[in-house]
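Structure record follows, encoded as structure tokens.
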Amino acid sequence: MSNGATFSNKPFGYLIWGVEDITHYIKGTNFSFFKARQGNQDLELWLRNLLHPKINFEIFEFLNNEKHIVLSRIPSAKGEPTHFQKKPHLSGLEAIKPTLETFRNIYALFIIHRKTGSLKLLIKKISVI
């Protein structure tokens, strides 16, 4: 999400539980981020410990028409790609299985091209790799 937000030139990426992907129908969820655990750790602490660089994602849990919704707001990557368990991820790049170094190079090229306005050319180059 963090890297995707950067590549989409957005300040944040979002994960939402309780809303259908395609229809956006609000159905609610039984999932509670604050109660969830990974092994013996709270899920939030577990995630924060495995993300690098550290990012200040936020979790919001609320009711909408009496239906429980969980929203995670994840800031875009700044300066370097965000990775989880030392593995970068960006939807669409799974086919080339980039290493962290390759991902950093793609990220650096993206930042340069975004600043110079030649983003479409970069995307064509990446899709050819």
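Lettering and numbering for the structure tokens are positional, with chains as A, B, ... in the shown order, residues counted from 1 in each chain, and ligands counted from 1 in the shown order.
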
Set the distance at 12 Å and use only C-alpha atoms: which residues neighbour A:Leu45 once local chain neighbours fewer than 4 positions away are removed? I'd like the list as a count of residues only. 15
